[in-house]
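File shown: input_30.cif. Contents: mmCIF, C-alpha atoms.
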data_final
#
loop_
_atom_site.label_atom_id
_atom_site.label_comp_id
_atom_site.auth_asym_id
_atom_site.auth_seq_id
_atom_site.Cartn_x
_atom_site.Cartn_y
_atom_site.Cartn_z
CA MET A 1 -6.65 3.32 -31.62
CA LEU A 2 -5.42 3.84 -28.08
CA GLY A 3 -3.21 1.18 -26.52
CA LEU A 4 -3.47 -0.07 -22.96
CA THR A 5 -0.36 1.86 -21.93
CA HIS A 6 -1.82 5.09 -23.31
CA LEU A 7 -5.10 4.49 -21.47
CA LYS A 8 -3.24 3.96 -18.18
CA ILE A 9 -1.35 7.20 -18.69
CA MET A 10 -4.66 8.97 -19.30
CA GLY A 11 -5.96 7.73 -15.96
CA PHE A 12 -7.79 4.67 -17.18
CA GLY A 13 -6.71 1.41 -15.71
CA ILE A 14 -7.83 -1.93 -14.45
CA ASN A 15 -11.15 -2.07 -12.62
CA MET A 16 -9.89 -4.14 -9.69
CA ALA A 17 -13.36 -5.02 -8.42
CA LYS A 18 -14.28 -6.49 -11.80
CA ALA A 19 -10.84 -8.13 -12.15
CA LYS A 20 -11.29 -9.85 -8.78
CA GLU A 21 -14.68 -11.23 -9.81
CA ILE A 22 -13.22 -12.51 -13.09
CA HIS A 23 -10.35 -14.09 -11.15
CA LYS A 24 -12.80 -15.86 -8.83
CA THR A 25 -14.78 -17.09 -11.85
CA ASN A 26 -11.56 -18.44 -13.38
CA ILE A 27 -10.86 -20.29 -10.13
CA ARG A 28 -14.35 -21.80 -10.12
CA THR A 29 -13.94 -22.90 -13.73
CA ALA A 30 -10.54 -24.49 -13.05
CA ARG A 31 -11.67 -26.32 -9.94
CA THR A 32 -14.77 -27.97 -11.45
CA PRO A 33 -12.98 -30.87 -13.21
CA LYS A 34 -10.65 -31.27 -10.23
CA LEU A 35 -13.61 -31.66 -7.87
CA GLN A 36 -15.15 -34.22 -10.24
CA GLU A 37 -11.90 -36.23 -10.23
CA LEU A 38 -11.77 -36.09 -6.44
CA ASP A 39 -15.39 -37.26 -6.22
CA ILE A 40 -14.39 -40.40 -8.11
CA GLU A 41 -11.32 -40.90 -5.89
CA PHE A 42 -13.52 -40.47 -2.82
CA GLN A 43 -16.02 -43.07 -4.01
CA LYS A 44 -13.25 -45.55 -4.81
CA ALA A 45 -11.67 -44.97 -1.39
CA GLN A 46 -15.00 -45.51 0.34
CA GLU A 47 -15.60 -48.72 -1.57
CA ALA A 48 -12.19 -49.96 -0.46
CA SER A 49 -12.76 -48.79 3.13
CA ALA A 50 -9.67 -46.58 2.76
CA ASP A 51 -8.93 -43.30 4.53
CA THR A 52 -10.67 -40.40 2.76
CA SER A 53 -9.38 -37.54 4.91
CA ALA A 54 -6.76 -36.37 2.38
CA ILE A 55 -9.34 -36.32 -0.39
CA VAL A 56 -11.77 -34.39 1.79
CA ALA A 57 -9.05 -31.84 2.60
CA LYS A 58 -8.22 -31.36 -1.11
CA LYS A 59 -11.89 -30.85 -1.95
CA GLN A 60 -12.27 -28.30 0.84
CA ALA A 61 -9.20 -26.39 -0.34
CA LEU A 62 -10.73 -26.18 -3.82
CA ARG A 63 -14.06 -24.98 -2.39
CA ASP A 64 -12.29 -22.34 -0.30
CA ALA A 65 -10.05 -21.05 -3.13
CA PRO A 66 -12.38 -18.28 -4.44
CA ALA A 67 -12.81 -16.89 -0.92
CA ASP A 68 -9.06 -16.51 -0.27
CA SER A 69 -8.58 -13.21 1.56
CA ALA A 70 -5.43 -12.52 -0.47
CA ILE A 71 -7.63 -12.05 -3.55
CA ASP A 72 -9.57 -9.25 -1.89
CA ALA A 73 -6.32 -7.77 -0.54
CA ALA A 74 -4.71 -7.56 -3.99
CA THR A 75 -4.26 -3.94 -5.04
CA ASP A 76 -2.97 -4.34 -8.57
CA GLU A 77 -3.08 -6.69 -11.53
CA ALA A 78 0.22 -8.44 -10.71
CA GLY A 79 -0.83 -8.98 -7.11
CA LEU A 80 -4.11 -10.50 -8.22
CA LYS A 81 -2.48 -12.81 -10.75
CA ALA A 82 -0.10 -13.99 -8.01
CA GLN A 83 -3.10 -15.31 -6.07
CA TRP A 84 -3.50 -18.32 -8.36
CA ASN A 85 -2.67 -21.33 -6.17
CA THR A 86 -0.99 -23.69 -8.64
CA SER A 87 -0.67 -26.42 -6.01
CA ILE A 88 -4.43 -26.97 -6.02
CA LEU A 89 -5.62 -25.29 -9.24
CA GLY A 90 -2.87 -26.26 -11.65
CA THR A 91 -1.29 -24.01 -14.25
CA SER A 92 -2.26 -20.35 -14.05
CA PRO A 93 -4.29 -19.02 -16.97
CA TYR A 94 -2.23 -15.84 -16.64
CA SER A 95 1.15 -17.35 -17.48
#

Once you've parsed the file, please lay out its structure as structure tokens.
Amino acid sequence: MLGLTHLKIMGFGINMAKAKEIHKTNIRTARTPKLQELDIEFQKAQEASADTSAIVAKKQALRDAPADSAIDAATDEAGLKAQWNTSILGTSPYS
């Protein structure tokens, strides 16, 4: 059986287009529970007549995460993995 290193030497490697789509899917999966938590925070803030602008900004950052231009600009596997924004998405699935 051929190992990954051997396949790379033979000219086979990572399909970056597919890897980018998988990365975006991973982002969408990770953000779903975070958006649900923020929805609850938003409702509680509204009920208390509190400022919701920070919550709205966090939700927008999560919505924008899959469209980050740095994902499309990544040219290799390491560069793509580095595009996981732990500040909004939490722990990277690649670590």

Calculated over all atoms listed in the file, which of the candidates A:Gln83, A:Thr91, A:Glu77, A:Arg31 has the smallest distance to Gly13 in chain A? A:Glu77

Matched chain/residue IDs from the PyMOL selection byres ((chain A and resi 56) around 12), as an mmCIF file with C-alpha atoms, keeping the file's coordinate frame:
data_model
loop_
_atom_site.group_PDB
_atom_site.id
_atom_site.type_symbol
_atom_site.label_atom_id
_atom_site.label_comp_id
_atom_site.auth_asym_id
_atom_site.auth_seq_id
_atom_site.Cartn_x
_atom_site.Cartn_y
_atom_site.Cartn_z
ATOM 1 C CA LEU A 35 -13.610 -31.660 -7.870
ATOM 2 C CA LEU A 38 -11.770 -36.090 -6.440
ATOM 3 C CA ASP A 39 -15.390 -37.260 -6.220
ATOM 4 C CA ILE A 40 -14.390 -40.400 -8.110
ATOM 5 C CA GLU A 41 -11.320 -40.900 -5.890
ATOM 6 C CA PHE A 42 -13.520 -40.470 -2.820
ATOM 7 C CA GLN A 43 -16.020 -43.070 -4.010
ATOM 8 C CA ALA A 45 -11.670 -44.970 -1.390
ATOM 9 C CA GLN A 46 -15.000 -45.510 0.340
ATOM 10 C CA ASP A 51 -8.930 -43.300 4.530
ATOM 11 C CA THR A 52 -10.670 -40.400 2.760
ATOM 12 C CA SER A 53 -9.380 -37.540 4.910
ATOM 13 C CA ALA A 54 -6.760 -36.370 2.380
ATOM 14 C CA ILE A 55 -9.340 -36.320 -0.390
ATOM 15 C CA ALA A 57 -9.050 -31.840 2.600
ATOM 16 C CA LYS A 58 -8.220 -31.360 -1.110
ATOM 17 C CA LYS A 59 -11.890 -30.850 -1.950
ATOM 18 C CA GLN A 60 -12.270 -28.300 0.840
ATOM 19 C CA ALA A 61 -9.200 -26.390 -0.340
ATOM 20 C CA LEU A 62 -10.730 -26.180 -3.820
ATOM 21 C CA ARG A 63 -14.060 -24.980 -2.390
#

Please report the interatomic distance between CA of Ala73 in chain A and CA of Arg28 in chain A in Å with one decimal. 18.8 Å

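Of note, CA of Ala50 in chain A and CA of Gln36 in chain A are spaced 18.8 Å apart.
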
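Distances here use all atoms listed in the file; by that measure, the residue among A:Ile14, A:Lys34, A:Ala48, A:Ala70 closest to Ala82 in chain A is A:Ala70.
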
Would you work out the distance separating CA of Pro66 in chain A from CA of Lys24 in chain A, expressed in Å to one decimal? 5.0 Å

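Counting all atoms listed in the file and comparing A:Pro93, A:Ile71, A:Leu80, A:Ile88, the residue that lies closest to Thr32 in chain A is A:Ile88.
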
With all atoms listed in the file as the atoms that count, which of A:Glu37, A:Trp84, A:Gly79, A:Glu47 lies nearest to Thr25 in chain A? A:Trp84

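Every protein or nucleic acid residue with an atom no more than 10 Å from Asp72 in chain A, counting all atoms listed in the file and leaving out same-chain residues fewer than 3 positions away, appears here: Met16, Ala17, Lys20, Glu21, Pro66, Ala67, Asp68, Ser69, Thr75, Leu80 and Gln83 of chain A.
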